[in-house]
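Working notes, beginning with the structure itself.
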Amino acid sequence: MRKMKMFKDNPEYMEWLSLQDTSHDLLAVLHPPHSLVLWNADTGTKIWKKTYTESLLSFSFDPFDAANVAFLGQDCLLLVGDFSCHKLPSSKGRKFYISNSGGNISGSGSSSSLGGHGSSFSGATGVDKRTGTRQTLRSKVKSLVMQEGKHSRIEDGSNIMLTDCLQLGYHPAWRHCLILVYPREVLLVDLQIKQTVGIIPLERTGSPFVQVYACRQRDMLICLHENGSITVRMRKLCCSPAPTPNEPGSPYMTVGDSNVDVMYELRCQSDPMRLNKQARIYSISACPVTENKFSLLLGDSRILFWELRTVELAFAPHAYNQPVMSPLHTPGENITDQCTIPDSWTFPYRNNISTPKMVLSDMIGSIDSKVKSEHEVAFKFLLVGLLSGVASPIVVLRMCPPLTTKNWNIYKALLAVGTTCGSVQIFNLATGALWKEFNLHSCSVRGLEWVSLTGFLSYAYPTPGTNGLVKNELLLIDINTGRTRQLRGNRTAEEPPIELVRVSYLKQYVVVTFKDCPMEIWDLRSFTLLRQMPPNFPIVTSLEWSPSATVKNLKRRHASQESAKGSSDSTVASAREQTPEHTAQGSPAVELVDRQENKAAALKEHFVFTDNEGQLYHFFVEGSTVREGSKIPPDGNMGLITCIAWKGDTMVLADMDGNLSIWDLKARISKAVPTHRGWIKKIRFAPGRGNMKLLILYGDGVDIWDAKEVELVSSIKTPKDLPKLQDVEWAASDRPLLATDDGCIRVLDMKMRVSCSQIQHHDTLEVIFSPYLLPGKASLTLQYHLQHQPWRENYSLQMTDLTDTSEEFTQKLVNEQVDIIDSELKEYLPNCRFGIAQRCLFVAQLFGNESEINFWTVALHYLRREKACPLGKSDSFIKRTSSDVFVPSDALSREVEDLVLLDNRQQSELRESQQLWKSLRGLPLDCCWDVLVDQETFLKCNLQKLALHESRCTSYELAQQCIQEMIFLGQGDRAVHMLLDTDADSHSYYADCLRACLVATIRSSGASQSTIKLVATNLIANGKLLEGVELLCLIDKSLDACRYLQSYGKWNLAAWLAKCTLEYRECLEVFRRWVEHLCSPTVNLKSKAVLVLLSMGQFLKVIEMLYSMRYFSRAAVFAEACIEFGVLTESDENQALLNAVYLEYARYLSNLDNKIAAVHYCGKAGEKGQQLQRELDIVFDSEKQ
């Protein structure tokens, strides 16, 4: 844990950079009012600082493109498109404002919820009215208006101000979508057309929004409300693609369809909470791996853990089974489908175990998936945990009596924390968790004092009025039973407030002092008042009981009782012999006396106190007798004494001027020590014999002094180093405790620099499954053990491979973690249906490794698809049938029959195999994977988005953008329709008519392709890149268009165009060049390049790149997964690569001390593997000796 002082004041917002491979420790920090700083959090190095001109509140990184960042300003949105971790962004970004104009809404659905927030392009230049079907479009939509230069004054009602915007963020499941959260609505803005394409209005009686979490695995929003409830809103597919009359079979939504909207249905809602002023809602956080587990943070430090689960629709509550909702399906993977697998098949494996549903994508399918094995389900929320933290603000800390050799078997490190709301929390510092909480008072707690390991005193009083009198409360609490007792009785009369409560070292007596009023001395054995001092008694400013004199008297009394009274009295005396440094104070000494029927007399204890003049008084208390001892005149070098600490033969007095007076009672000498820190509020000796460390609390910080050597050990100043301090205490002999204004309790080291409490050092009540809490070697061992075990005859969850006695501890840790894995997953792992790849995906989800999850999700999907239809053997990548399974044409079948004569039995087996793998290939990847999905799904998503853009065309510029998208996607007839729909009064009417003629002519005749290609080349050379690419797409030269786009740095657009329009081999050429760009040192996105290669079925290239990235374990396991699926066979061409991968994996396993596994892979690594095996034999044999 590294502490960095990045700024003089607190940052406004910060976020980790995850979409890059340069470093995993890069942190982007937004400093008010307009500075963005990129830090290396590991080294504390500032990489660069960018200052913008607008006041910024928060920002969000585009999950699809790391160069895009959106900033939320006070009155605008700032979009930056050149963010890089390697260099400072050069541009100042583009400012956008949400405009608003009047108009009525036509249509139904979510558009009716726009209310008065509809808008058009206010301030935009040249808005053309369109005729025909464009007159049916909505005339009222929110839009983003870009204004260059100085922002002019916004007229009332002309713009929607962003001052009420609570949150800004990109949608991780939808490219180019920005989410703006307001208290009463959520806007979804499409950044391609700069318009709001979806609005989620709040119900009239609904609680306002606080935060929205957008899921990645499914197009779903998790909304947090002010009343503490959580709602689930899922995207609804409004209409299905329908063919147009001009282009039969093309996926196309009707232009005038009023349902071309982005709508989200309310699917589930948790129960609201009863909240008070201290327990307001702060935020919600979701598990990034599963996205079905959520934690809710409240203002009173509580964290509620919710889990989203699915139930069969037949068993769902009536509220979830509404006919107006679209069906919610599961993704499939039915067990009954496995019955069709022939017995002769060795892969995929047959089992009768349901696939575990660990993540959100396993629970529900995508919005447009249709699979036979699907069935309808409904959501429900389940509260699965509650974690209570420190109730803020903190007033006082008090640690229980210290650990000794007598009480170690019953000792618990308990810390009592008093708060302003009147509650006392008991924390177990060994576990770091709240143990118990007592609501004792109706006002702020003023002080705490332990009377044993199981009881404490708490006193409180409200804020004094004008007369300075209050009603004091002094309670004795038993923490085991919760029993509470009034020590001073139920006194209804008002009195001066209590200033001090001190319990004697043997827990027999307690002194209670009041403001400007004489003190009281109480007997804790009988709960009786021993003495109330007279009115002329000196006013007490500080007080402390003596430990040393009591020890001597106790030993003398013990000797006399042992000789006079026998064994029974000896038991009592022995119990009292235990001093604070040696006593097992599981119960007060007075309780021991009561249990012996008061056979032993009360022991004499004494205390000292000071008055306003600094005079020191010495008093004795024995039984019911209180006697005054000696008086010591005030020290002229000391001011008003504020506190006293006494340990052994050393007593320390502190005053309000910051001076210490250290008295050596045995040598009868004193020493004055000025601290130059001002008023000393509290001093406390550290526990432990001979430990003379002194903790000193000031108004502006805290010091630790060595009272024996009279030297400063460490110091903290507030608020420079920490927030303002409320109280200090010792947790142990070398661990100071600090309570700060920010509601935290910090356990520090003696230098007061490190306050990190490692969770692996906590004594948890039960074993926690978390591989990252294990030692590094044990965590890596657990991972490879669960992934694949080819060195064993059968897969087993229990690990027995580490036979060396030095590794028994590692093996024990691994088996302990395996034992607490969910039973459903433990049952499925040995019998994974799709073998190694599926098991590795489950292990990655279990570990929470996002990089592994992304890799194995894409790998498993394309391994199954490659088995069903090899992409490299298909010449119809773009013209594939809707089932995505390659079916040979009749001509091709006849050619095959001419070359190889297949009998009817072989043909039927081949046909049966193809049909089985067709049903086993799985659902397509969701749109969150962007260009990594298969071509049919990608094209379908883009056509749906195109229809959405077309329905929102309210200006000529948007129409031209849609026309360009149509030409790119091969929708020529739709482009002609829009071009001819231009208003006759427009200045572009003639040009659009000519373009319509050009598009229509080229589609019917290609005689002029050379001329058009020449014109396109000239346009590109003269800076008209998109116009030239448009012409190339018209003449089916999309490959050349992609090459030009890549040459001009438009890599994402080139990949998009290639995925939509090119055949497999051409698309592979474009993607290979893209991979080279991603692997370049200036970009360094090799992890993304690996996923791109997976999506193109280049599995051998994937292994090669993983090897170059030194991901040896992943490369070796993936190679065996490919061999298991039958998509990769060992040959002379790839043998060298596979041998190198297996050799490095063998070294990796040997470093983890698994000789059996290492020897197995040495046998697969050729000659170098045999050499390594001989070396391993020597090394392991020498270690045994």
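Ordering of the structure tokens sets the chain letters (A, B, ...); residue numbers start at 1 within each chain; ligands are numbered from 1 in the order shown.
Assigned to alpha helix (DSSP H) in region 376-578 of chain A, given DSSP computed from backbone atoms, are A:Ser548, A:Ala549, A:Thr550, A:Val551, A:Lys552, A:Asn553, A:Leu554, A:Lys555, A:Arg556, A:Arg557, A:His558, A:Ala559, A:Ser560, A:Gln561, A:Glu562, A:Ser563, A:Ala564, A:Lys565, A:Ser567, A:Ser568, A:Asp569, A:Ser570, A:Thr571, A:Val572, A:Ala573, A:Ser574, A:Ala575, A:Arg576.
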Exercise. Considering only C-alpha atoms, return as a ChimeraX atom specification whatever protein or nucleic-acid residues lie within 10 Å of Trp48 (chain A), sequence-local ones (same chain, fewer than 2 positions apart) excluded.
Key: /A:28,36-39,45-46,50,85-89
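Taking CA of Glu766 (chain A) and CA of Thr355 (chain A) as the two end points, the separation is 27.7 Å.
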Quiz prompt | Of the listed residues A:Ser661, A:Ser796, A:Asn1139, A:Gln817, that which approaches Val673 (chain A) most closely, counting only C-alpha atoms | solution =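 When distances to Val673 (chain A) are compared using only C-alpha atoms, the smallest one comes from A:Ser661.
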Quiz prompt | Selection: 7 Å around Leu660 (chain A), only C-alpha atoms, excl. self and same-chain fewer than 3 positions, as number ranges by chain | solution = A: 652-655, 672-674
